[in-house]
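Asks: Below are the structure tokens for one structure; questions will follow.
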Amino acid sequence: MGRFPYVEIRRKSLALPLLKGLQLGVLIVLALVILLPLLWLVSTSLKGPAEEIFTSPPALLPAEPSLMAYWRLFADNPLGIYLLNSTVVSCLAVVANLLFCSLAAYPLARMRFAGRGLVLALVVATILIPFQVVMIPLYLLMVQLGLRNSLMALVIPQAATAFGLYLLRQSFLTVPVELEEAARIDGCSRLGEWWNVMIPAARADLITLAMFVFIGTWSDFLWPLVILDDPSLYTLPLGLQQLASSFSLDWRIVAAGSVVSILPVLALFILLQRFILPSASGDAVKG
């Protein structure tokens, strides 16, 4: 009888590596499923002019690697202007979203006033409204403001989001009240508490929100298509659509443009992923 506990422990010690191996195998399969289309996209962009694109089975490695598609992409199209427009719009949208959402989230999280719960509920409820519902009123508003066919018309709808407000409110709620009291004793105003206590403590959530806003604005296609007519103001998704709609369609150039559009988002994620950690109140103490 005394040997049964040993046998049970032995079984558990053998089952744990098997379970970890199974989890690793599942993760590898999922990673391959996600990465294979991207690998095929990069491979297509690197194939030479004389190489077949659509083969059976698909060739993941180009037989004659060439950068001709990228050279033609930048030589025959104003891709630099598209990249500049997308960068300006996305960066302005990120800055505006972080500023306005954090300013609105602070009183909803830390101040007591009548109707606070109702205001929060109404704001969060707007998440359920599809953009197509408000697109026409928003278009008419931009026309009345004289902003149609301008980059600011792309920034203003992204200047504040219900998701960002709710995310930062929940982040501010986790900050200890003692930090606010200490800042108040040091002579900080409400605005000073927001800047010196809340913003450092919510750094991880601010970076997460910045990434969401940047990716959403960078890849937005419908709203720029509606509000812009001037090709010199086109963002990258609209510029890539011009490639796909030309009479002489070359999938190598389309694939190269898609790769170029992915690279800034990928670089942003690689640079900021180490900051996406659970918010710590120690950051606020340092601030």
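Letters A, B, ... go to the chains of the structure tokens in the order shown; residues in each chain start at 1; ligands are counted from 1 in the same order.
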Taking 4 positions as the minimum chain separation for residues in the same chain, which residues sit within 8 Å of Val175 in chain A when counting only C-alpha atoms? Answer as a list in words.

Replies: Ser171, Leu179, Met198, Ala201 and Ser281 of chain A

Asks: Restricting the output to C-alpha atoms, write the selected residues as a PDB file, in the first residue's frame.

Replies:
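And here is the file that came out, again_31.pdb:
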```pdb
ATOM      1  CA  SER A 171      -6.944  51.267 -15.592  1.00  0.00           C
ATOM      2  CA  LEU A 179      -1.055  57.949  -4.395  1.00  0.00           C
ATOM      3  CA  MET A 198      -2.580  58.427 -13.378  1.00  0.00           C
ATOM      4  CA  ALA A 201       0.460  54.230 -13.580  1.00  0.00           C
ATOM      5  CA  SER A 281       1.470  51.687  -9.273  1.00  0.00           C
TER       6      SER A 281
END
```

Asks: Using only C-alpha atoms, what does the table of range 86-134 of chain A residues within 12 Å of range 58-81 of chain A look like, with each row giving the shortest atom pair and its distance in Å to one decimal, sorted by chain and ascending number, as CSV?

Replies:
```
residue,atom,partner,partner_atom,distance
A:Ser86,CA,A:Ile81,CA,8.6
A:Thr87,CA,A:Ile81,CA,9.8
A:Val88,CA,A:Ile81,CA,10.5
```

Asks: From the list A:Ile276, A:Ala256, A:Val33, A:Ile199, which residue is nearest Ala105 in chain A when using only C-alpha atoms?

Replies: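 When distances to Ala105 in chain A are compared using only C-alpha atoms, the smallest one comes from A:Ile199.
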
Asks: For a quick check of understanding, using only C-alpha atoms, which of A:Ser43, A:Thr126, A:Ser189, A:Gln273 has the smallest distance to Ala160 in chain A?

Replies: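 Ranked by minimum distance to Ala160 in chain A, first place goes to A:Thr126.
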
Asks: Quick one: distance from CA of Ile127 in chain A to CA of Ala162 in chain A in Å, one decimal?

Replies: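 Going from CA of Ile127 in chain A over to CA of Ala162 in chain A, I get 6.3 Å.
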
Asks: Hey, what's within 12 Å of Leu151 in chain A if we count only C-alpha atoms and toss same-chain stuff fewer than 6 positions away? As a VMD selection string, please?

Replies: chain A and resid 82 84 to 93 142 157 to 158 217 223 to 224 227 to 235

Asks: What separation in Å, quoted to one decimal, exists between CA of Leu272 in chain A and CA of Met152 in chain A?

Replies: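 Separation of CA of Leu272 in chain A and CA of Met152 in chain A: 26.3 Å.
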
Asks: Can you check which residues of range 135-208 of chain A DSSP gives as alpha helix (DSSP H) on the backbone and send them as a PyMOL selection string?

Replies: chain A and resi 135-144+152-155+162-173+177-185+190-193+199-201+203-208

Asks: Kindly save the residues from that selection, with C-alpha atoms included, as a PDB file, in the first residue's frame.

Replies:
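File produced: part_4.pdb:
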```pdb
ATOM      1  CA  MET A 135     -20.966  57.458 -41.663  1.00  0.00           C
ATOM      2  CA  ILE A 136     -23.471  59.661 -43.523  1.00  0.00           C
ATOM      3  CA  PRO A 137     -24.040  62.110 -40.601  1.00  0.00           C
ATOM      4  CA  LEU A 138     -20.285  62.234 -40.093  1.00  0.00           C
ATOM      5  CA  TYR A 139     -19.742  62.943 -43.781  1.00  0.00           C
ATOM      6  CA  LEU A 140     -22.279  65.805 -43.700  1.00  0.00           C
ATOM      7  CA  LEU A 141     -20.600  67.215 -40.600  1.00  0.00           C
ATOM      8  CA  MET A 142     -17.183  67.184 -42.293  1.00  0.00           C
ATOM      9  CA  VAL A 143     -18.683  68.960 -45.311  1.00  0.00           C
ATOM     10  CA  GLN A 144     -20.241  71.662 -43.114  1.00  0.00           C
ATOM     11  CA  MET A 152      -8.036  66.267 -40.624  1.00  0.00           C
ATOM     12  CA  ALA A 153     -11.285  64.643 -41.720  1.00  0.00           C
ATOM     13  CA  LEU A 154      -9.528  61.312 -41.139  1.00  0.00           C
ATOM     14  CA  VAL A 155      -8.139  62.300 -37.741  1.00  0.00           C
ATOM     15  CA  ALA A 162     -15.477  54.696 -26.416  1.00  0.00           C
ATOM     16  CA  PHE A 163     -13.172  51.704 -26.168  1.00  0.00           C
ATOM     17  CA  GLY A 164     -10.219  53.894 -25.225  1.00  0.00           C
ATOM     18  CA  LEU A 165     -12.218  55.789 -22.616  1.00  0.00           C
ATOM     19  CA  TYR A 166     -13.473  52.590 -21.008  1.00  0.00           C
ATOM     20  CA  LEU A 167     -10.030  50.943 -21.084  1.00  0.00           C
ATOM     21  CA  LEU A 168      -8.332  53.892 -19.386  1.00  0.00           C
ATOM     22  CA  ARG A 169     -11.146  54.294 -16.857  1.00  0.00           C
ATOM     23  CA  GLN A 170     -10.699  50.687 -15.766  1.00  0.00           C
ATOM     24  CA  SER A 171      -6.944  51.267 -15.592  1.00  0.00           C
ATOM     25  CA  PHE A 172      -7.328  54.396 -13.442  1.00  0.00           C
ATOM     26  CA  LEU A 173      -9.601  52.516 -11.046  1.00  0.00           C
ATOM     27  CA  VAL A 177      -6.098  56.205  -3.639  1.00  0.00           C
ATOM     28  CA  GLU A 178      -3.071  56.803  -1.404  1.00  0.00           C
ATOM     29  CA  LEU A 179      -1.055  57.949  -4.395  1.00  0.00           C
ATOM     30  CA  GLU A 180      -3.602  60.634  -5.175  1.00  0.00           C
ATOM     31  CA  GLU A 181      -3.684  61.742  -1.553  1.00  0.00           C
ATOM     32  CA  ALA A 182       0.104  61.977  -1.466  1.00  0.00           C
ATOM     33  CA  ALA A 183       0.101  64.057  -4.645  1.00  0.00           C
ATOM     34  CA  ARG A 184      -2.620  66.301  -3.191  1.00  0.00           C
ATOM     35  CA  ILE A 185      -0.554  66.843  -0.048  1.00  0.00           C
ATOM     36  CA  ARG A 190      -6.573  67.641 -10.241  1.00  0.00           C
ATOM     37  CA  LEU A 191      -4.739  68.118 -13.515  1.00  0.00           C
ATOM     38  CA  GLY A 192      -1.443  67.517 -11.744  1.00  0.00           C
ATOM     39  CA  GLU A 193      -2.774  64.276 -10.242  1.00  0.00           C
ATOM     40  CA  ILE A 199      -0.617  58.675 -16.614  1.00  0.00           C
ATOM     41  CA  PRO A 200       2.538  56.915 -15.316  1.00  0.00           C
ATOM     42  CA  ALA A 201       0.460  54.230 -13.580  1.00  0.00           C
ATOM     43  CA  ARG A 203       1.494  53.369 -19.054  1.00  0.00           C
ATOM     44  CA  ALA A 204       0.879  49.795 -20.231  1.00  0.00           C
ATOM     45  CA  ASP A 205      -2.771  50.483 -21.042  1.00  0.00           C
ATOM     46  CA  LEU A 206      -1.879  53.723 -22.808  1.00  0.00           C
ATOM     47  CA  ILE A 207       0.608  51.874 -25.011  1.00  0.00           C
ATOM     48  CA  THR A 208      -1.960  49.156 -25.702  1.00  0.00           C
TER      49      THR A 208
END
```

Asks: Have a look at A:Ile215, A:Leu145, A:Cys188, A:Pro57 and name the one nearest to Leu268 in chain A; count only C-alpha atoms.

Replies: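 When distances to Leu268 in chain A are compared using only C-alpha atoms, the smallest one comes from A:Ile215.
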
Asks: Could you check how far CA of Ser258 in chain A sits from CA of Ser150 in chain A, in Å to one decimal?

Replies: 24.3 Å

Asks: For Phe100 in chain A, list every protein, DNA or RNA residue within 9 Å, evaluated using only C-alpha atoms, and leave out those in the same chain fewer than 2 positions away; present the list as a PyMOL selection string.

Replies: chain A and resi 95-98+102-105+159-161+165
